[in-house]
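*Asks:* Sharing model-v9.txt below, compact mmCIF, C-alpha atoms and all ligand atoms:
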```txt
# COMPACT_ATOMS: atom_id res chain seq x y z
CA MET O 106 60.24 -37.51 72.45
CA PHE O 107 62.81 -40.27 71.97
CA LYS O 108 65.45 -38.20 73.70
CA ALA O 109 63.13 -37.58 76.62
CA ILE O 110 62.55 -41.31 77.04
CA ILE O 111 66.27 -42.09 77.08
CA SER O 112 67.03 -39.42 79.67
CA ASN O 113 64.19 -40.64 81.88
CA ALA O 114 65.32 -44.24 81.64
CA MET O 115 68.80 -43.35 82.81
CA LYS O 116 67.65 -41.78 86.06
CA ARG O 117 67.76 -43.40 89.44
CA ASN O 118 64.28 -44.67 90.17
CA ASP O 119 62.71 -45.75 93.44
CA TYR O 120 59.92 -48.30 93.27
CA LEU O 121 57.25 -48.55 95.94
CA CYS O 122 54.44 -50.92 96.71
CA PRO O 123 51.17 -49.05 95.99
CA LYS O 124 49.65 -50.43 99.20
CA CYS O 125 52.29 -50.36 101.97
CA LYS O 126 54.62 -47.84 100.19
CA GLY O 127 57.54 -50.08 101.13
CA HIS O 128 60.68 -49.84 99.00
CA LEU O 129 61.01 -52.64 96.48
CA ASN O 130 64.58 -51.71 95.51
CA ALA O 131 67.53 -53.51 97.07
CA GLY O 132 71.02 -54.29 95.84
CA GLY O 133 70.47 -52.61 92.50
CA PHE O 134 67.31 -54.57 91.68
CA VAL O 135 63.56 -54.34 92.13
CA ILE O 136 62.46 -57.42 94.08
CA PHE O 137 59.14 -59.24 93.93
CA SER O 138 57.69 -62.32 95.54
CA THR O 139 56.07 -64.34 92.76
CA LYS O 140 54.15 -67.51 91.99
CA ASN O 141 54.05 -69.39 88.67
CA LYS O 142 51.28 -71.48 87.14
CA ARG O 143 52.48 -74.61 88.93
CA LYS O 144 52.05 -72.83 92.26
CA GLN O 145 55.81 -72.68 92.77
CA ARG O 146 56.97 -69.58 94.58
CA GLY O 147 60.16 -67.64 94.00
CA LEU O 148 61.78 -64.25 94.08
CA ILE O 149 62.14 -62.31 90.84
CA LEU O 150 64.66 -59.49 90.53
CA LEU O 151 64.09 -56.92 87.80
CA SER O 152 66.23 -54.06 86.57
CA PRO O 153 65.18 -50.65 87.96
CA LYS O 154 65.87 -49.20 84.52
CA VAL O 155 62.55 -48.67 82.77
CA GLY O 156 62.47 -50.59 79.52
CA SER O 157 65.14 -53.08 80.56
CA TYR O 158 63.85 -56.65 80.71
CA SER O 159 66.65 -58.54 82.39
CA VAL O 160 65.19 -60.95 84.93
CA LYS O 161 66.99 -62.81 87.70
CA HIS O 162 65.62 -65.74 89.64
CA HIS O 163 66.73 -69.07 91.13
CA ASP O 164 67.78 -71.66 88.54
CA GLY O 165 65.21 -74.09 89.88
CA TYR O 166 62.35 -71.60 89.59
CA LYS O 167 61.18 -71.83 86.01
CA PHE O 168 58.44 -70.48 83.81
CA GLU O 169 57.55 -70.82 80.16
CA ASN O 170 57.11 -68.04 77.64
CA GLY O 171 53.53 -66.80 77.77
CA GLU O 172 52.94 -68.01 81.33
CA PHE O 173 51.13 -65.59 83.66
CA ILE O 174 53.18 -64.93 86.78
CA ASP O 175 51.53 -63.67 89.97
CA PHE O 176 53.49 -60.79 91.52
CA PHE O 177 53.23 -59.94 95.21
CA CYS O 178 54.79 -57.24 97.36
CA PRO O 179 57.65 -58.94 99.29
CA ILE O 180 56.85 -56.72 102.28
CA CYS O 181 53.05 -56.76 102.71
CA SER O 182 52.21 -59.62 100.30
CA VAL O 183 49.51 -57.68 98.44
CA ASP O 184 48.72 -58.96 94.94
CA LEU O 185 50.20 -56.36 92.59
CA ARG O 186 47.95 -57.16 89.63
CA ALA O 187 46.82 -53.96 87.89
CA LYS O 188 43.14 -53.18 88.39
CA GLU O 189 42.53 -52.00 84.84
CA ASN O 190 44.31 -54.80 83.02
CA GLU O 191 45.17 -58.10 84.56
CA ARG O 192 47.98 -58.86 82.12
CA ASN O 193 49.92 -56.21 84.02
CA VAL O 194 51.48 -55.55 87.39
CA GLU O 195 51.19 -52.07 88.84
CA ILE O 196 53.67 -50.41 91.19
CA VAL O 197 54.66 -46.83 92.03
CA MET O 198 57.85 -45.21 90.80
CA VAL O 199 59.39 -42.05 92.25
CA ASP O 200 62.11 -40.46 90.15
CA GLU O 201 65.00 -38.31 91.37
CA ASN O 202 62.84 -35.18 91.02
CA ASP O 203 60.29 -36.74 93.41
CA ALA O 204 57.79 -37.05 90.58
CA GLU O 205 55.49 -40.00 91.13
CA TYR O 206 54.39 -42.36 88.37
CA ARG O 207 52.28 -45.46 88.09
CA VAL O 208 54.31 -48.16 86.40
CA LEU O 209 52.50 -50.99 84.68
CA PHE O 210 54.44 -53.88 83.20
CA SER O 211 53.48 -57.20 81.72
CA ARG O 212 53.33 -60.16 84.11
CA VAL O 213 53.40 -62.57 81.17
CA ALA O 214 56.76 -64.36 80.97
CA GLY O 215 58.73 -63.24 77.92
CA GLU O 216 56.46 -60.29 77.16
CA ARG O 217 58.19 -56.92 77.01
CA SER O 218 55.92 -54.01 77.73
CA THR O 219 56.06 -51.22 80.29
CA TYR O 220 53.82 -48.19 80.73
CA LEU O 221 54.87 -45.17 82.75
CA LEU O 222 51.82 -43.12 83.70
CA SER O 223 51.85 -39.69 85.30
CA ASN O 224 48.97 -37.26 85.64
CA ASP O 225 49.20 -35.89 82.13
CA ASP O 226 51.61 -38.17 80.31
CA VAL O 227 52.16 -41.77 79.29
CA GLU O 228 55.45 -43.26 78.19
CA VAL O 229 55.44 -46.68 76.58
CA TYR O 230 58.40 -49.07 76.42
CA GLY O 231 59.01 -52.53 74.99
CA ASP O 232 58.43 -54.43 71.76
CA ASP O 233 55.15 -55.98 72.98
CA ALA O 234 53.54 -52.80 74.23
CA VAL O 235 50.02 -52.09 73.00
CA GLU O 236 48.22 -48.84 72.35
CA LEU O 237 46.93 -47.28 75.54
CA ASP O 238 43.33 -47.77 74.45
CA ASP O 239 43.99 -51.50 74.28
CA LEU O 240 45.71 -51.44 77.65
CA TYR O 241 42.44 -50.30 79.17
CA GLU O 242 40.38 -52.70 77.09
CA ASP O 243 39.40 -54.78 80.11
CA SER O 244 38.70 -51.71 82.20
CA GLU O 245 35.58 -51.77 84.32
CA TYR O 246 35.59 -47.99 84.47
ZN ZN N 301 53.43 -53.78 100.08
```
How does the structure come out when it is put into structure tokens?
Ligand SMILES: [Zn+2]
*Replies:*
Amino acid sequence: MFKAIISNAMKRNDYLCPKCKGHLNAGGFVIFSTKNKRKQRGLILLSPKVGSYSVKHHDGYKFENGEFIDFFCPICSVDLRAKENERNVEIVMVDENDAEYRVLFSRVAGERSTYLLSNDDVEVYGDDAVELDDLYEDSEY
């Protein structure tokens, strides 16, 4: 299991907006348009490597640990908040074998959790990840 996760994380991954299917990757990062609690807007660049939590943004665009950040598609501007759990952002990932996954990651600043969902499998990354049952706690389904 652990070995499988490492090999998956090393692959080249394409990230797509679930609505417009536009590519979110550019220049070695995954790019989002975002808004913090103080209604300031800024771009956030994340690593395309699943389970990596390096974040790049303008020095003047700040947020505090625990702050909820709104993530939007930089192409079509759709709100990327996950339907099942609003602590998370949901996008689509396509790996080098053309397998498609739903990727959910925390939109809370400083929180490290990522969920990779395919039809029959879930992979969980990050120190702050919860059990999948808890992930769907707020589900309306
Ligand atoms: Zn879009």
*Asks:* When distances are computed from all atoms listed in the file, which of O:Glu191, O:Glu172, O:Asp184, O:Asp232 shows the smallest separation from ligand ZN 301 (chain N)?
*Replies:* O:Asp184
*Asks:* Which one of O:Pro179, O:Gly171, O:Pro153, O:Gly231 sits closest to ligand ZN 301 (chain N) if you count only C-alpha atoms and all ligand atoms?
*Replies:*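 With only C-alpha atoms and all ligand atoms as the atom set, the closest residue is O:Pro179.
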*Asks:* List all protein, DNA and RNA residues that have at least one atom no more than 8 Å from any atom of ligand ZN 301 (chain N), counting only C-alpha atoms and all ligand atoms, and write them as an MDAnalysis selection string.
*Replies:* chainID O and resid 121:127 177:183
*Asks:* Would you mind exporting C-alpha atoms of the selected residues as a PDB file, in the coordinates of the input?
*Replies:*
```pdb
ATOM      1  CA  LEU O 121      57.250 -48.550  95.940  1.00  0.00           C
ATOM      2  CA  CYS O 122      54.440 -50.920  96.710  1.00  0.00           C
ATOM      3  CA  PRO O 123      51.170 -49.050  95.990  1.00  0.00           C
ATOM      4  CA  LYS O 124      49.650 -50.430  99.200  1.00  0.00           C
ATOM      5  CA  CYS O 125      52.290 -50.360 101.970  1.00  0.00           C
ATOM      6  CA  LYS O 126      54.620 -47.840 100.190  1.00  0.00           C
ATOM      7  CA  GLY O 127      57.540 -50.080 101.130  1.00  0.00           C
ATOM      8  CA  PHE O 177      53.230 -59.940  95.210  1.00  0.00           C
ATOM      9  CA  CYS O 178      54.790 -57.240  97.360  1.00  0.00           C
ATOM     10  CA  PRO O 179      57.650 -58.940  99.290  1.00  0.00           C
ATOM     11  CA  ILE O 180      56.850 -56.720 102.280  1.00  0.00           C
ATOM     12  CA  CYS O 181      53.050 -56.760 102.710  1.00  0.00           C
ATOM     13  CA  SER O 182      52.210 -59.620 100.300  1.00  0.00           C
ATOM     14  CA  VAL O 183      49.510 -57.680  98.440  1.00  0.00           C
TER      15      VAL O 183
END
```
*Asks:* Nearest to Met198 (chain O): which of O:Glu228, O:Phe137, O:Glu236, O:Leu222 is it, counting all atoms listed in the file?
*Replies:* O:Leu222
*Asks:* Quick one: everything within 9 Å of Gly156 (chain O), counting all atoms listed in the file, minus sequence neighbours fewer than 5 positions away in the same chain. Send it as a PyMOL selection string.
*Replies:* chain O and resi 114+217-219+229-231
*Asks:* Counting only C-alpha atoms, figure out which residue out of O:Tyr166, O:Phe134, O:Tyr158, O:Tyr120 gets nearest to Ser211 (chain O).
*Replies:*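 Of all the options, O:Tyr158 lies closest to Ser211 (chain O).
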*Asks:* Have a look at O:Asp175, O:His162, O:Arg186, O:Val197 and name the one nearest to Asn130 (chain O); count only C-alpha atoms.
*Replies:*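 Checking each of O:Asp175, O:His162, O:Arg186, O:Val197 against Asn130 (chain O), counting only C-alpha atoms, the winner is O:Val197.
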*Asks:* Do you have the CA of Arg207 (chain O)-CA of Lys142 (chain O) distance handy?
*Replies:* 26.1 Å
*Asks:* Point out the residue among O:Asn170, O:Ser157, O:Thr139, O:Asn202 with the least atom-to-atom distance to Glu216 (chain O), counting only C-alpha atoms.
*Replies:*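 Distance minimum relative to Glu216 (chain O) lands on O:Asn170.
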*Asks:* What would region 180-214 of chain O look like with N, CA and C atoms restored, written as a PDB file, keeping the file's coordinate frame?
*Replies:*
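Final file, result24.pdb:
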```
ATOM      1  N   ILE O 180      56.957 -57.286 100.928  1.00  0.00           N
ATOM      2  CA  ILE O 180      56.850 -56.720 102.280  1.00  0.00           C
ATOM      3  C   ILE O 180      55.469 -56.983 102.870  1.00  0.00           C
ATOM      4  N   CYS O 181      54.395 -56.603 102.145  1.00  0.00           N
ATOM      5  CA  CYS O 181      53.050 -56.760 102.710  1.00  0.00           C
ATOM      6  C   CYS O 181      52.254 -57.866 102.028  1.00  0.00           C
ATOM      7  N   SER O 182      52.819 -58.484 100.998  1.00  0.00           N
ATOM      8  CA  SER O 182      52.210 -59.620 100.300  1.00  0.00           C
ATOM      9  C   SER O 182      50.973 -59.296  99.475  1.00  0.00           C
ATOM     10  N   VAL O 183      50.671 -58.013  99.256  1.00  0.00           N
ATOM     11  CA  VAL O 183      49.510 -57.680  98.440  1.00  0.00           C
ATOM     12  C   VAL O 183      49.733 -58.152  96.996  1.00  0.00           C
ATOM     13  N   ASP O 184      48.670 -58.599  96.350  1.00  0.00           N
ATOM     14  CA  ASP O 184      48.720 -58.960  94.940  1.00  0.00           C
ATOM     15  C   ASP O 184      48.871 -57.685  94.122  1.00  0.00           C
ATOM     16  N   LEU O 185      49.893 -57.609  93.299  1.00  0.00           N
ATOM     17  CA  LEU O 185      50.200 -56.360  92.590  1.00  0.00           C
ATOM     18  C   LEU O 185      49.559 -56.277  91.202  1.00  0.00           C
ATOM     19  N   ARG O 186      48.649 -57.191  90.913  1.00  0.00           N
ATOM     20  CA  ARG O 186      47.950 -57.160  89.630  1.00  0.00           C
ATOM     21  C   ARG O 186      47.261 -55.809  89.403  1.00  0.00           C
ATOM     22  N   ALA O 187      47.437 -55.249  88.191  1.00  0.00           N
ATOM     23  CA  ALA O 187      46.820 -53.960  87.890  1.00  0.00           C
ATOM     24  C   ALA O 187      45.299 -54.095  87.820  1.00  0.00           C
ATOM     25  N   LYS O 188      44.604 -53.129  88.374  1.00  0.00           N
ATOM     26  CA  LYS O 188      43.140 -53.180  88.390  1.00  0.00           C
ATOM     27  C   LYS O 188      42.554 -53.113  86.986  1.00  0.00           C
ATOM     28  N   GLU O 189      43.121 -52.249  86.150  1.00  0.00           N
ATOM     29  CA  GLU O 189      42.530 -52.000  84.840  1.00  0.00           C
ATOM     30  C   GLU O 189      42.831 -53.091  83.830  1.00  0.00           C
ATOM     31  N   ASN O 190      43.901 -53.840  84.038  1.00  0.00           N
ATOM     32  CA  ASN O 190      44.310 -54.800  83.020  1.00  0.00           C
ATOM     33  C   ASN O 190      45.108 -55.905  83.679  1.00  0.00           C
ATOM     34  N   GLU O 191      44.537 -57.078  83.740  1.00  0.00           N
ATOM     35  CA  GLU O 191      45.170 -58.100  84.560  1.00  0.00           C
ATOM     36  C   GLU O 191      46.360 -58.803  83.908  1.00  0.00           C
ATOM     37  N   ARG O 192      46.708 -58.403  82.694  1.00  0.00           N
ATOM     38  CA  ARG O 192      47.980 -58.860  82.120  1.00  0.00           C
ATOM     39  C   ARG O 192      49.148 -58.138  82.762  1.00  0.00           C
ATOM     40  N   ASN O 193      48.859 -57.080  83.527  1.00  0.00           N
ATOM     41  CA  ASN O 193      49.920 -56.210  84.020  1.00  0.00           C
ATOM     42  C   ASN O 193      50.003 -56.161  85.541  1.00  0.00           C
ATOM     43  N   VAL O 194      51.209 -55.836  85.987  1.00  0.00           N
ATOM     44  CA  VAL O 194      51.480 -55.550  87.390  1.00  0.00           C
ATOM     45  C   VAL O 194      51.582 -54.047  87.528  1.00  0.00           C
ATOM     46  N   GLU O 195      51.084 -53.514  88.633  1.00  0.00           N
ATOM     47  CA  GLU O 195      51.190 -52.070  88.840  1.00  0.00           C
ATOM     48  C   GLU O 195      51.931 -51.762  90.128  1.00  0.00           C
ATOM     49  N   ILE O 196      52.958 -50.906  90.015  1.00  0.00           N
ATOM     50  CA  ILE O 196      53.670 -50.410  91.190  1.00  0.00           C
ATOM     51  C   ILE O 196      53.843 -48.901  91.046  1.00  0.00           C
ATOM     52  N   VAL O 197      54.439 -48.275  92.048  1.00  0.00           N
ATOM     53  CA  VAL O 197      54.660 -46.830  92.030  1.00  0.00           C
ATOM     54  C   VAL O 197      56.144 -46.577  91.826  1.00  0.00           C
ATOM     55  N   MET O 198      56.458 -45.613  90.971  1.00  0.00           N
ATOM     56  CA  MET O 198      57.850 -45.210  90.800  1.00  0.00           C
ATOM     57  C   MET O 198      58.001 -43.746  91.187  1.00  0.00           C
ATOM     58  N   VAL O 199      59.066 -43.440  91.917  1.00  0.00           N
ATOM     59  CA  VAL O 199      59.390 -42.050  92.250  1.00  0.00           C
ATOM     60  C   VAL O 199      60.749 -41.756  91.639  1.00  0.00           C
ATOM     61  N   ASP O 200      60.822 -40.754  90.784  1.00  0.00           N
ATOM     62  CA  ASP O 200      62.110 -40.460  90.150  1.00  0.00           C
ATOM     63  C   ASP O 200      62.902 -39.479  91.008  1.00  0.00           C
ATOM     64  N   GLU O 201      64.096 -39.118  90.527  1.00  0.00           N
ATOM     65  CA  GLU O 201      65.000 -38.310  91.370  1.00  0.00           C
ATOM     66  C   GLU O 201      64.483 -36.885  91.568  1.00  0.00           C
ATOM     67  N   ASN O 202      63.470 -36.483  90.806  1.00  0.00           N
ATOM     68  CA  ASN O 202      62.840 -35.180  91.020  1.00  0.00           C
ATOM     69  C   ASN O 202      61.601 -35.291  91.907  1.00  0.00           C
ATOM     70  N   ASP O 203      61.436 -36.460  92.540  1.00  0.00           N
ATOM     71  CA  ASP O 203      60.290 -36.740  93.410  1.00  0.00           C
ATOM     72  C   ASP O 203      58.956 -36.757  92.657  1.00  0.00           C
ATOM     73  N   ALA O 204      59.021 -36.879  91.346  1.00  0.00           N
ATOM     74  CA  ALA O 204      57.790 -37.050  90.580  1.00  0.00           C
ATOM     75  C   ALA O 204      57.335 -38.497  90.714  1.00  0.00           C
ATOM     76  N   GLU O 205      56.035 -38.671  90.906  1.00  0.00           N
ATOM     77  CA  GLU O 205      55.490 -40.000  91.130  1.00  0.00           C
ATOM     78  C   GLU O 205      54.779 -40.500  89.878  1.00  0.00           C
ATOM     79  N   TYR O 206      55.014 -41.746  89.541  1.00  0.00           N
ATOM     80  CA  TYR O 206      54.390 -42.360  88.370  1.00  0.00           C
ATOM     81  C   TYR O 206      53.747 -43.678  88.780  1.00  0.00           C
ATOM     82  N   ARG O 207      52.747 -44.073  88.023  1.00  0.00           N
ATOM     83  CA  ARG O 207      52.280 -45.460  88.090  1.00  0.00           C
ATOM     84  C   ARG O 207      53.027 -46.221  87.011  1.00  0.00           C
ATOM     85  N   VAL O 208      53.606 -47.333  87.371  1.00  0.00           N
ATOM     86  CA  VAL O 208      54.310 -48.160  86.400  1.00  0.00           C
ATOM     87  C   VAL O 208      53.531 -49.455  86.226  1.00  0.00           C
ATOM     88  N   LEU O 209      53.137 -49.722  84.993  1.00  0.00           N
ATOM     89  CA  LEU O 209      52.500 -50.990  84.680  1.00  0.00           C
ATOM     90  C   LEU O 209      53.448 -51.780  83.782  1.00  0.00           C
ATOM     91  N   PHE O 210      53.666 -53.051  84.116  1.00  0.00           N
ATOM     92  CA  PHE O 210      54.440 -53.880  83.200  1.00  0.00           C
ATOM     93  C   PHE O 210      53.807 -55.254  83.091  1.00  0.00           C
ATOM     94  N   SER O 211      54.105 -55.917  81.993  1.00  0.00           N
ATOM     95  CA  SER O 211      53.480 -57.200  81.720  1.00  0.00           C
ATOM     96  C   SER O 211      53.920 -58.237  82.748  1.00  0.00           C
ATOM     97  N   ARG O 212      52.970 -59.057  83.214  1.00  0.00           N
ATOM     98  CA  ARG O 212      53.330 -60.160  84.110  1.00  0.00           C
ATOM     99  C   ARG O 212      53.346 -61.490  83.351  1.00  0.00           C
ATOM    100  N   VAL O 213      53.323 -61.392  82.015  1.00  0.00           N
ATOM    101  CA  VAL O 213      53.400 -62.570  81.170  1.00  0.00           C
ATOM    102  C   VAL O 213      54.872 -62.831  80.850  1.00  0.00           C
ATOM    103  N   ALA O 214      55.346 -64.040  81.170  1.00  0.00           N
ATOM    104  CA  ALA O 214      56.760 -64.360  80.970  1.00  0.00           C
ATOM    105  C   ALA O 214      57.146 -64.171  79.515  1.00  0.00           C
TER     106      ALA O 214
END
```
